[in-house]
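S.K.: Quick one: structure below, then a few questions.
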Amino acid sequence: MKNKDVAEILYEIANILDIKGEIFFKTRAYRMAAQKIEVLDEKIDDLVDQKRLTDIEGIGQAISKKITELVETGKLKYYEDLKKEIPQGVLDMLKISGLGPRKISALYKKLEIRNIEQLKSACKKGKLRNLDGFGEITEKNILRGIKMLEKTSGRALLNVAYEDGRKYIEFLEGCKEIKRLSLAGSLRRRKETIGDLDILASSEKPKIVMDYFVDYENVKRVLLKGSTKTSVILNDDLQVDLRVVSDESFGAALQYFTGSKEHNVKMRSIAIKNGYKLNEYGLFEKDTEKYIVGKDEEEIYKKLGLSFIPPELRENRGEIETALEKKLPKLVDYKDIKGDLHVHSNYSDGVEKIEDIAKKAKKMGYEYVGIADHSQSLRIARGLSENRVKKKIEEIKKLNKKIPGIHIFCGTECDIKTDGALDYSKKTLEMFDFVGIGIHTKFKMDKKEATNRIIKGMENNYSTFLAHPTCRIISHREPLDLDIEKILDKAEETNTYMEINSFPDRLDLNDIHTKMAKDRNVKIVINTDAHNLDQLDFIRYGVATARRGWLAKKDILNTKKLNEIKKIFGM
DNA sequence: GCCGTTTTCGGCCCGACTGTTTTCAGTCG
């Protein structure tokens, strides 16, 4: 059984228990266990076999027993019984914004509402207002929540949220009453998808700031407006929350609102252990409530004995323990990237001339750029025949003389065919400066087949890196069913680089796989897979993912200088 | 349900906002 499947069932148990009215701490225990398993870099089956489940912080006797039953028999009686009590449709209601377990429980028990459709019609008929704790406004809000759920299905891709956030910040910089200003929340942590956008400001006149905030031209609706917190919906339906605090609390609030929740819970418990209390207003002495620090984030981490933890690492995946030992890596920086080795030109399915790509790359401060077009059998993407490869190589030779200050490498994104063979002959592969390999067809293979297909591709001596390793497309295509550990081990053995594909709907490898690669000493290349000039800027999302995967400059191929890369390519 | 060299019982992060109340419960982050 996959770790992800076990985690999902634990999350669902937590949801059911919530609706049943169990105490908060019990459902939280299930969620914490689920979260731990989700990011585990070992197989849950192995942990069960070796009876090591309780080694994980947050998994005790009870949950360990349930996981063991689940993994060994494929079923869990406790879970099956719970599911009989609460129908799936009732659980689905948890996704409606503004509705929580208590209200859902009342709706189910008192009005026998069993799914979102029934809820919608009950709201429209005004049936909810007679229940204790419900009113006409509640009905309206629930209907609005349902509409939103139907429309957005939740989360925005990182690039969409990033651009929205950037522009909003730019607008807010025009407000004279704001002293300091920052993005917070999952966008500051650069998560691959963003639920809503958090912005933090410090000011002595919060009311003026709030008025300014809701006056932004892209605001569609104001959800709530208070003196410390205001929420709006943008025209593209993304929610933005602004919090305003006094300047002496700015650091504490930034730490608090950046999250993740799991990171913060841990931080608070460390504060308590040291005799402090940590909240969004600062770090206080526990007994006397005396303010210690809070103006800057750095001083909070410092006071608690930790080195500063960059936002991208704050997921409670071991960063706090490592920061206590002062052993966090110095994360790769955006300006460390010296080139992009996966760009499509108009030779295949890109839209730009190689010359224009080179000029833009130079403008970005790169030392080199690698044009990696599709290989011959990928007809739909105008994959290059061996003859056209020769033509392209000739053109690049000329361009390299013509444009100083940037080196163009001629590469390929060579298809790995279903049997694991590469799509070019040895003779052709030899002509390229580097060879990216990747899967572009038949994504529904079973795990063993798909894993072997990739492994065979990596075993080819000409392979330089594995492009978009899992082939997932966020919210469109599931990742290939792969034995990722086996693939990473093979990458280490064959000295194949793993790509972090920076395309916002790919981000593949993802953060967790990237960390797994790092732990195995597998090297990474961060590429954009750009098909036009604008998309070259996507590199920032790949770097963000690398940072979330704990990577330092030295872990990444394309942080190296041109002469070093040439050496690696055997030129 | 988890955890523990101050605890094997009694804690567990906590404040803001809304909508329902007439002092507070539910939701959210």
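Naming works like this for the structure tokens: A, B, ... for the chains as they're shown, residue 1 at the start of each chain, ligands 1 onward in shown order.
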Tell me the residues of chain A close to chain B, meaning within 8 Å using only C-alpha atoms (C1' of nucleotides), as a list in words.
M.R.: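 Here is what falls inside 8 Å: Phe25, Lys26, Thr27, Ala29, Tyr30, Gly58, Ile59, Gly60, Ala62, Ile63, Gly98, Leu99, Gly100, Arg102, Lys103, Gly133, Phe134, Gly135, Ile137, Thr138, Leu224, Gly226, Thr228, Lys229, Phe257, Lys261, Val265, Arg268 and Asn279 of chain A.
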S.K.: Taking N, CA and C atoms for each residue, export the selection above as a short mmCIF file (atom, residue, chain, number, x, y, z; two decimals), in the first residue's frame.
M.R.:
data_model
loop_
_atom_site.label_atom_id
_atom_site.label_comp_id
_atom_site.auth_asym_id
_atom_site.auth_seq_id
_atom_site.Cartn_x
_atom_site.Cartn_y
_atom_site.Cartn_z
N PHE A 25 -8.27 17.24 19.91
CA PHE A 25 -6.91 16.69 20.00
C PHE A 25 -6.80 15.30 19.41
N LYS A 26 -7.92 14.57 19.43
CA LYS A 26 -7.90 13.24 18.85
C LYS A 26 -7.84 13.34 17.32
N THR A 27 -8.68 14.20 16.75
CA THR A 27 -8.66 14.32 15.29
C THR A 27 -7.34 14.93 14.84
N ALA A 29 -4.52 14.38 16.19
CA ALA A 29 -3.54 13.29 16.24
C ALA A 29 -3.56 12.50 14.92
N TYR A 30 -4.75 12.22 14.41
CA TYR A 30 -4.86 11.51 13.14
C TYR A 30 -4.27 12.33 11.99
N GLY A 58 4.42 11.21 16.85
CA GLY A 58 3.01 11.46 16.54
C GLY A 58 2.24 10.18 16.23
N ILE A 59 2.96 9.05 16.11
CA ILE A 59 2.28 7.77 15.94
C ILE A 59 2.53 6.92 17.18
N GLY A 60 1.45 6.61 17.88
CA GLY A 60 1.55 5.80 19.10
C GLY A 60 0.95 4.44 18.89
N ALA A 62 -2.16 3.19 19.28
CA ALA A 62 -3.47 3.04 18.64
C ALA A 62 -3.38 3.21 17.13
N ILE A 63 -2.75 4.28 16.70
CA ILE A 63 -2.68 4.53 15.25
C ILE A 63 -1.76 3.53 14.58
N GLY A 98 -16.70 28.19 5.16
CA GLY A 98 -17.66 28.71 6.12
C GLY A 98 -18.44 27.62 6.84
N LEU A 99 -18.33 26.40 6.35
CA LEU A 99 -19.00 25.28 7.00
C LEU A 99 -17.97 24.40 7.67
N GLY A 100 -18.18 24.10 8.94
CA GLY A 100 -17.26 23.22 9.64
C GLY A 100 -17.98 22.01 10.17
N ARG A 102 -19.09 21.09 13.10
CA ARG A 102 -20.24 21.23 14.01
C ARG A 102 -21.53 21.49 13.24
N LYS A 103 -21.45 22.43 12.35
CA LYS A 103 -22.66 22.79 11.61
C LYS A 103 -23.10 21.62 10.70
N GLY A 133 -28.33 28.29 16.06
CA GLY A 133 -27.02 28.71 15.57
C GLY A 133 -27.00 29.01 14.09
N PHE A 134 -28.10 28.81 13.39
CA PHE A 134 -28.18 29.13 11.96
C PHE A 134 -29.11 30.34 11.76
N GLY A 135 -28.93 31.04 10.66
CA GLY A 135 -29.83 32.14 10.35
C GLY A 135 -29.89 32.35 8.85
N ILE A 137 -28.48 34.63 7.08
CA ILE A 137 -27.16 34.95 6.52
C ILE A 137 -26.33 33.68 6.34
N THR A 138 -26.47 32.77 7.31
CA THR A 138 -25.75 31.50 7.18
C THR A 138 -26.16 30.81 5.88
N LEU A 224 -14.74 40.15 4.31
CA LEU A 224 -14.88 40.65 5.67
C LEU A 224 -13.87 41.77 5.88
N GLY A 226 -12.17 43.97 9.10
CA GLY A 226 -12.03 44.31 10.51
C GLY A 226 -10.83 45.22 10.67
N THR A 228 -7.91 44.37 12.14
CA THR A 228 -6.63 43.70 11.98
C THR A 228 -6.62 42.76 10.78
N LYS A 229 -7.79 42.36 10.33
CA LYS A 229 -7.85 41.41 9.22
C LYS A 229 -8.95 41.79 8.24
N PHE A 257 2.08 34.07 10.27
CA PHE A 257 1.20 33.97 9.11
C PHE A 257 1.89 33.32 7.91
N LYS A 261 1.25 25.66 9.36
CA LYS A 261 0.62 25.43 10.65
C LYS A 261 1.44 24.43 11.47
N VAL A 265 3.16 25.05 15.12
CA VAL A 265 2.83 24.28 16.32
C VAL A 265 4.12 23.85 17.01
N ARG A 268 5.89 26.80 18.64
CA ARG A 268 5.26 27.19 19.89
C ARG A 268 5.63 26.26 21.03
N ASN A 279 3.19 34.04 20.02
CA ASN A 279 1.98 34.24 19.21
C ASN A 279 2.28 35.30 18.16
#
S.K.: Apply DSSP to the structure's backbone, then extract all residues of range 255-447 of chain A labelled alpha helix (DSSP H) and return them as a ChimeraX atom specification.
M.R.: /A:255-258,261-273,297-303,319-324,354-363,386-402,426-429,447
S.K.: Quick one, how far is CA of Tyr291 in chain A from CA of Ala252 in chain A?
M.R.: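 For CA of Tyr291 in chain A relative to CA of Ala252 in chain A, the distance reads 11.2 Å.
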S.K.: Quick check, in Å to one decimal: how far apart do CA of Ser202 in chain A and CA of Thr545 in chain A lie?
M.R.: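 Atom-to-atom, CA of Ser202 in chain A and CA of Thr545 in chain A are spaced 28.9 Å apart.
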